[in-house]
Structures are given as C-alpha cells and as structure tokens.
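Undergrad: This is the content of start30.txt (compact mmCIF, C-alpha atoms):
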```txt
# COMPACT_ATOMS: atom_id res chain seq x y z
CA MET A 1 -39.51 189.14 -28.38
CA LYS A 2 -35.87 188.28 -28.31
CA PRO A 3 -35.15 184.96 -29.92
CA ARG A 4 -32.91 182.59 -28.08
CA ARG A 5 -30.76 179.73 -29.01
CA TYR A 6 -31.91 176.42 -27.71
CA GLU A 7 -30.30 173.06 -27.76
CA THR A 8 -32.37 169.95 -27.31
CA LEU A 9 -31.00 166.50 -26.95
CA ILE A 10 -33.45 163.69 -27.55
CA LEU A 11 -33.10 160.06 -26.67
CA LEU A 12 -35.21 157.77 -28.76
CA ASP A 13 -36.25 154.20 -28.55
CA PRO A 14 -33.61 152.22 -30.45
CA ASP A 15 -36.13 150.09 -32.21
CA ILE A 16 -38.00 152.72 -34.07
CA SER A 17 -37.94 152.61 -37.80
CA PRO A 18 -36.18 155.18 -39.94
CA GLU A 19 -39.53 156.31 -41.23
CA GLU A 20 -40.73 157.08 -37.77
CA GLN A 21 -37.53 158.94 -37.09
CA GLU A 22 -38.03 160.92 -40.21
CA LYS A 23 -41.58 161.67 -39.26
CA LEU A 24 -40.50 162.97 -35.89
CA ASN A 25 -37.79 165.01 -37.50
CA GLU A 26 -40.23 166.63 -39.80
CA LYS A 27 -42.69 167.18 -37.07
CA LEU A 28 -40.17 169.07 -35.01
CA THR A 29 -38.72 171.09 -37.82
CA GLY A 30 -42.26 171.80 -38.89
CA ILE A 31 -43.07 173.21 -35.52
CA ILE A 32 -39.96 175.31 -35.59
CA ASP A 33 -40.78 176.70 -38.99
CA SER A 34 -44.37 177.36 -38.20
CA MET A 35 -43.45 179.42 -35.19
CA LYS A 36 -40.95 181.42 -37.13
CA GLY A 37 -37.99 179.73 -35.61
CA ARG A 38 -34.86 178.67 -37.40
CA VAL A 39 -33.09 175.40 -37.26
CA LEU A 40 -29.37 175.66 -36.75
CA ARG A 41 -28.47 172.04 -36.95
CA VAL A 42 -29.89 168.61 -36.55
CA GLU A 43 -27.51 165.85 -35.65
CA ASN A 44 -28.40 162.25 -35.46
CA TRP A 45 -25.85 160.36 -33.47
CA GLY A 46 -27.49 157.09 -34.22
CA ARG A 47 -27.61 154.12 -31.99
CA ARG A 48 -25.45 154.45 -28.95
CA ARG A 49 -24.85 152.44 -25.91
CA LEU A 50 -26.41 153.96 -22.83
CA ALA A 51 -24.66 154.39 -19.53
CA TYR A 52 -27.58 152.72 -17.80
CA PRO A 53 -30.74 151.00 -18.94
CA VAL A 54 -33.50 153.32 -20.02
CA ARG A 55 -36.93 151.83 -20.45
CA LYS A 56 -35.27 148.46 -20.16
CA GLN A 57 -33.11 149.18 -23.19
CA MET A 58 -29.34 149.39 -23.27
CA TYR A 59 -29.18 151.33 -26.51
CA GLY A 60 -30.77 154.45 -27.76
CA ILE A 61 -30.81 156.83 -30.65
CA TYR A 62 -29.66 160.34 -29.92
CA VAL A 63 -30.80 163.32 -31.87
CA LEU A 64 -29.48 166.78 -31.29
CA LEU A 65 -31.53 169.76 -32.26
CA ASP A 66 -30.04 173.20 -32.24
CA PHE A 67 -32.46 175.96 -33.07
CA MET A 68 -33.35 179.56 -32.67
CA GLY A 69 -36.70 180.65 -31.39
CA GLY A 70 -38.75 182.10 -28.63
CA PRO A 71 -39.88 180.58 -25.37
CA GLU A 72 -43.26 179.64 -26.78
CA LEU A 73 -41.55 177.62 -29.45
CA GLN A 74 -39.44 175.88 -26.88
CA ALA A 75 -42.49 175.06 -24.80
CA GLU A 76 -44.22 173.67 -27.84
CA ILE A 77 -41.27 171.51 -28.77
CA ASP A 78 -40.98 170.10 -25.30
CA ARG A 79 -44.67 169.50 -25.11
CA ASN A 80 -44.54 167.49 -28.28
CA LEU A 81 -41.54 165.56 -27.11
CA ARG A 82 -43.29 164.58 -23.98
CA ILE A 83 -46.26 163.31 -25.92
CA GLU A 84 -44.23 161.33 -28.37
CA GLU A 85 -43.95 157.70 -27.36
CA ALA A 86 -40.64 157.02 -29.00
CA VAL A 87 -38.95 159.73 -26.98
CA SER A 88 -37.60 158.27 -23.77
CA LYS A 89 -35.62 161.28 -22.62
CA HIS A 90 -35.03 164.80 -23.67
CA LEU A 91 -33.18 167.76 -22.35
CA THR A 92 -33.41 171.33 -23.54
CA LEU A 93 -30.94 174.01 -22.71
CA ILE A 94 -30.79 177.67 -23.48
CA LEU A 95 -27.49 178.22 -25.17
CA GLU A 96 -27.72 181.91 -25.78
CA LYS A 97 -30.25 184.38 -24.58
CA ASP A 98 -30.09 187.08 -27.18
CA PHE A 99 -29.64 185.34 -30.41
CA SER A 100 -29.88 187.76 -33.22
CA GLU A 101 -30.20 187.00 -36.86
CA GLU A 102 -26.58 187.86 -37.49
CA ARG A 103 -25.44 185.55 -34.76
CA TYR A 104 -27.54 182.89 -36.37
CA GLU A 105 -25.84 183.33 -39.69
CA ALA A 106 -22.43 183.36 -38.09
CA GLU A 107 -23.08 180.24 -36.07
CA LEU A 108 -24.60 178.47 -39.02
CA GLU A 109 -21.48 179.07 -41.02
CA ARG A 110 -19.20 178.10 -38.21
CA LEU A 111 -21.03 174.87 -37.55
CA GLN A 112 -21.10 173.93 -41.18
CA ALA A 113 -17.43 174.65 -41.50
CA GLU A 114 -16.72 172.48 -38.49
CA LYS A 115 -18.82 169.74 -39.89
CA ALA A 116 -17.05 169.88 -43.21
CA ALA A 117 -13.69 169.82 -41.51
CA ARG A 118 -14.70 166.86 -39.44
CA GLU A 119 -15.91 164.96 -42.42
CA ALA A 120 -12.72 165.67 -44.27
CA ALA A 121 -10.70 164.45 -41.33
CA LEU A 122 -12.86 161.38 -41.11
CA GLN A 123 -12.12 160.51 -44.70
CA GLU A 124 -8.42 160.69 -44.15
CA SER A 125 -7.94 159.04 -40.85
CA ASP A 126 -10.62 156.44 -41.38
CA SER A 127 -11.58 156.54 -37.73
CA GLU A 128 -14.82 155.29 -36.30
CA PRO A 129 -17.73 157.50 -37.22
CA LEU A 130 -18.89 157.79 -33.66
CA GLY A 131 -20.51 160.74 -32.07
CA PRO A 132 -21.37 164.08 -33.57
CA THR A 133 -18.11 165.85 -33.24
CA GLY A 134 -15.98 162.80 -32.88
CA ARG A 135 -15.49 163.79 -29.29
CA PHE A 136 -16.93 160.66 -27.84
CA GLY A 137 -14.05 158.48 -28.75
CA ASP A 138 -14.44 154.86 -28.00
CA GLN A 139 -17.17 153.18 -26.13
CA ASP A 140 -14.99 150.65 -24.46
CA GLU A 141 -16.16 148.62 -21.54
CA GLY A 142 -15.60 150.19 -18.21
CA ASP A 143 -14.49 148.39 -15.12
CA ASN A 144 -17.40 146.18 -14.25
CA GLU A 145 -15.86 144.44 -11.30
CA ASP A 146 -17.60 144.68 -8.02
CA GLU A 147 -15.93 147.07 -5.71
CA ASP A 148 -16.40 145.95 -2.19
CA GLU A 149 -14.78 148.78 -0.37
CA ASP A 150 -14.76 152.29 -1.44
CA SER A 151 -11.65 152.12 -3.51
CA ASP A 152 -12.01 155.72 -4.37
CA GLU A 153 -9.49 156.63 -1.74
CA ASP A 154 -6.93 157.11 -4.42
CA TYR A 155 -8.11 159.25 -7.25
CA SER A 156 -5.26 158.10 -9.35
CA SER A 157 -7.52 157.14 -12.19
CA SER A 158 -8.11 160.74 -13.00
CA SER A 159 -5.59 162.68 -14.93
CA ARG A 160 -4.23 165.82 -13.42
CA MET B 1 -12.23 174.23 25.03
CA ASN B 2 -8.97 173.18 23.65
CA PRO B 3 -7.10 176.35 22.72
CA ARG B 4 -5.18 174.51 20.02
CA ARG B 5 -8.22 173.73 17.94
CA GLY B 6 -7.85 174.65 14.36
CA LYS B 7 -4.15 175.39 14.65
CA LYS B 8 -2.86 172.32 13.00
CA ARG B 9 -3.44 172.32 9.25
CA LYS B 10 -2.50 169.57 6.96
CA PRO B 11 0.22 170.92 4.71
CA PHE B 12 -1.34 169.42 1.64
CA HIS B 13 -2.33 172.09 -0.72
CA ARG B 14 -2.82 171.56 -4.41
CA ARG B 15 -1.24 174.44 -6.14
CA LYS B 16 -2.05 173.16 -9.60
CA VAL B 17 -3.99 175.38 -11.89
CA CYS B 18 -7.47 174.78 -13.08
CA ARG B 19 -7.35 173.08 -16.41
CA PHE B 20 -10.24 175.04 -17.72
CA CYS B 21 -8.93 178.36 -16.58
CA ALA B 22 -5.71 177.65 -18.40
CA GLU B 23 -7.65 177.41 -21.62
CA HIS B 24 -10.08 180.18 -20.80
CA THR B 25 -12.99 177.86 -21.25
CA THR B 26 -16.32 179.59 -21.04
CA HIS B 27 -18.64 176.70 -21.39
CA ILE B 28 -18.38 173.07 -20.41
CA ASP B 29 -20.50 170.97 -22.68
CA PHE B 30 -22.36 168.09 -21.11
CA LYS B 31 -22.12 166.24 -24.39
CA ASP B 32 -18.37 166.25 -24.29
CA ILE B 33 -18.03 163.12 -22.23
CA ARG B 34 -14.49 162.49 -23.30
CA VAL B 35 -13.50 165.52 -21.30
CA LEU B 36 -15.97 164.90 -18.54
CA ARG B 37 -14.72 161.41 -17.98
CA ASN B 38 -11.47 162.76 -16.66
CA PHE B 39 -13.20 164.25 -13.69
CA VAL B 40 -15.09 161.23 -12.55
CA THR B 41 -13.77 158.25 -10.65
CA GLU B 42 -13.95 154.68 -11.85
CA ARG B 43 -17.04 154.33 -9.81
CA GLY B 44 -18.58 157.24 -11.61
CA LYS B 45 -18.31 159.68 -8.74
CA ILE B 46 -17.41 163.28 -9.34
CA ILE B 47 -13.88 164.10 -8.24
CA PRO B 48 -13.65 166.81 -5.62
CA ARG B 49 -12.07 170.09 -6.45
CA ARG B 50 -9.23 169.71 -4.04
CA ILE B 51 -8.09 166.72 -6.04
CA SER B 52 -8.89 167.80 -9.54
CA GLY B 53 -7.43 171.22 -9.04
CA ASN B 54 -10.27 173.04 -10.66
CA CYS B 55 -11.27 176.48 -9.68
CA ALA B 56 -14.60 176.96 -8.00
CA ARG B 57 -16.37 178.34 -11.02
CA HIS B 58 -15.29 175.61 -13.36
CA GLN B 59 -15.96 172.95 -10.85
CA ARG B 60 -19.53 174.15 -10.65
CA LEU B 61 -19.89 174.18 -14.42
CA LEU B 62 -18.30 170.80 -14.60
CA THR B 63 -20.63 169.38 -12.01
CA THR B 64 -23.75 170.57 -13.76
CA ALA B 65 -22.40 169.23 -17.02
CA ILE B 66 -21.74 165.84 -15.50
CA LYS B 67 -25.14 165.73 -13.92
CA ARG B 68 -26.77 166.61 -17.20
CA ALA B 69 -24.81 163.94 -18.99
CA ARG B 70 -26.01 161.51 -16.38
CA THR B 71 -29.64 162.37 -16.87
CA MET B 72 -29.28 161.82 -20.57
CA ALA B 73 -27.64 158.45 -20.05
CA LEU B 74 -24.36 159.64 -21.52
CA MET B 75 -22.64 158.96 -18.24
CA PRO B 76 -23.56 156.60 -15.45
CA TYR B 77 -24.64 157.61 -12.02
CA THR B 78 -22.64 154.75 -10.67
CA ALA B 79 -20.33 152.41 -12.45
CA LEU B 80 -21.60 149.44 -10.62
CA SER B 81 -24.48 149.26 -12.99
CA PRO B 82 -23.90 146.70 -15.70
CA SER B 83 -22.76 149.03 -18.41
CA SER B 84 -19.76 150.94 -19.48
CA MET B 85 -19.12 154.61 -19.48
```
With the file now loaded, output its structure as structure tokens.
TA:
Amino acid sequence: MKPRRYETLILLDPDISPEEQEKLNEKLTGIIDSMKGRVLRVENWGRRRLAYPVRKQMYGIYVLLDFMGGPELQAEIDRNLRIEEAVSKHLTLILEKDFSEERYEAELERLQAEKAAREAALQESDSEPLGPTGRFGDQDEGDNEDEDEDSDEDYSSSSR
Amino acid sequence: MNPRRGKKRKPFHRRKVCRFCAEHTTHIDFKDIRVLRNFVTERGKIIPRRISGNCARHQRLLTTAIKRARTMALMPYTALSPSSM
C-alpha cells in the first residue's frame, strides 16, 4: 500500500474548552499512530472570524492536520470527524499520492524550518500572530454596504 | 442568414500574462486567502479569466481553491452576508 499525504482542515465550535480540543487532538493523532500513519504537522489557527455564519456562530477554531497514511486511515479520520459534535466542518485533501518515507522526512524538515523562520520573523516585526503561515494578513471588515445593482461591471477592485 | 455574422470581433484582448504562470506555480492553496482575494470581486464573485488574465489551467486551479475556501468558511460565497472576507 502506498502511503499518501493528506491534509485535513477542521472547523471547530468556538466555544469548546481547551481540554476538549486537546482530547480531540489526541484522539486524531492516536488514530494516525495506531494505523501506522505519521503526523507531519498539526496547526491550530485558533479562533477566527468566519466568512459566513456556521451553526449560527460567527467564529470558529481552525485546526490543520497534515499527515501521511493510507486510504483506510483517511476514511477512519473522516469518520471520526463526522461523529464528533464539536466539528462543524472539515475538508480533507490528498496532497501527494506517493508519499514515501524519505519525502516525509524531507517535508518534515522543510516545514519545521519554515515554522522556525516564521517565528523568528514574528519576534522581530511584532506583527499580529494571525494565521498559520502569516498569510492571512488582516481580517478587516469588508464592504458591507448593500449593492443594489450589479456593480461588478468594473472589476477594478482586483489587481492585475 | 446574415453573411456578416461573426465577422466583427471586439478588439479587446488581454495580452497580460498569467500571474501564476509567471511564477511557475504548481499548486494554488485554498488556505492562502490573501492571494485568493485578489481574484474575487467585492461581492465575492470569482473574476473571469478574460479579466484576470490567468491561463486556463491556473484559472481552474484557482476556482477550485476559491470554492474550497468558501466551503470552509474562509471566504464568503457572497459578500452581502453580514461578515467580512
């Protein structure tokens, strides 16, 4: 069986306690370990504002899980996520189809190096600790005005 | 049938290069909303290729990325909903 690299993004209820989060974390990593998978990274993005209400909530906790394993493992993970009450949404992607052990090591290093670099940069610039890779920038308010006509005629808002 | 059908073409052709091709991007990450935001209107609609200048392949990747981001509430389906992007 060729192991693959999966990436799962989980959206959790914002009101769950840290203990519950931890429990879920352990549950998932436990599953991964028990099915001879390997965790590449676990990122908790914390409480974020959602683009639209989910389960009547405007905020949610995002957790990113990057792991190596087979399709059975992925099915098991998803099955558990569906059962879990605190999980409002989840999405799993296959990142790489043939993920060998060496690739795993290489990626692990690369990700950890990136993380270290990011944390170093964060110390210096003292920017907001938002998002996993700092790519999310600000969460400023969008234009909430009502648009009567379709003012999309000009696409000038986009950059070219 | 009007014999002149299809003769007149609007001379409006975007010659700009695809931004992703220029950087040889292989994968467009749905989590990278800072990038994705550039290709969506204020209303949250996906900008057509003829405006954005993307090549077909990258436009497809971009579209799936945006749609994924939407399902995970990272981006709105429409900006009329009472939230920001």
Undergrad: Distance cut-off 10 Å, counting only C-alpha atoms - which residues of chain B neighbour chain A? Return them as number ranges by chain.
TA: B: 16-19, 27, 31-35, 37-45, 47-48, 51-54, 68-85
Undergrad: Leaving out A:Arg79 and any residue of its chain fewer than 6 positions from it, which residues lie within 12 Å of it when counting all atoms listed in the file, given as a list in words?
TA: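 Contacts, in chain order: Leu28, Ile31, Glu72, Leu73, Val87, His90, Leu91 and Thr92 of chain A.
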Undergrad: Can you measure atom CA of A:Asn80 to atom CA of A:Leu111 for me? One decimal in Å is fine.
TA: 26.3 Å
Undergrad: Would you mind listing what lies within 12 Å of A:Asp33 as a list in words, with all atoms listed in the file counted and same-chain residues fewer than 3 positions away left out?
TA: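 Once the adjacent positions are removed, what remains is Glu26, Lys27, Leu28, Thr29, Gly30, Lys36, Gly37, Arg38, Val39, Leu40, Phe67, Met68, Gly69, Gly70, Leu73 and Ile77 of chain A.
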Undergrad: Rounded to one decimal, what separation in Å do you get between atom CA of A:Leu12 and atom CA of A:Ile61?
TA: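 Separation of atom CA of A:Leu12 and atom CA of A:Ile61: 4.9 Å.
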Undergrad: Just to confirm, what's the straight-line distance from atom CA of A:Arg55 to atom CA of A:Asp13 in Å (one decimal)?
TA: 8.5 Å
Undergrad: Centre and edge lengths of an axis-aligned box around all listed atoms of stretch 37-47 of chain A, with 5 Å added on each side, are to be given in Å to one decimal, as lines of an AutoDock Vina configuration file.
TA:
```
center_x = -31.9
center_y = 166.9
center_z = -34.7
size_x = 22.1
size_y = 35.6
size_z = 15.4
```
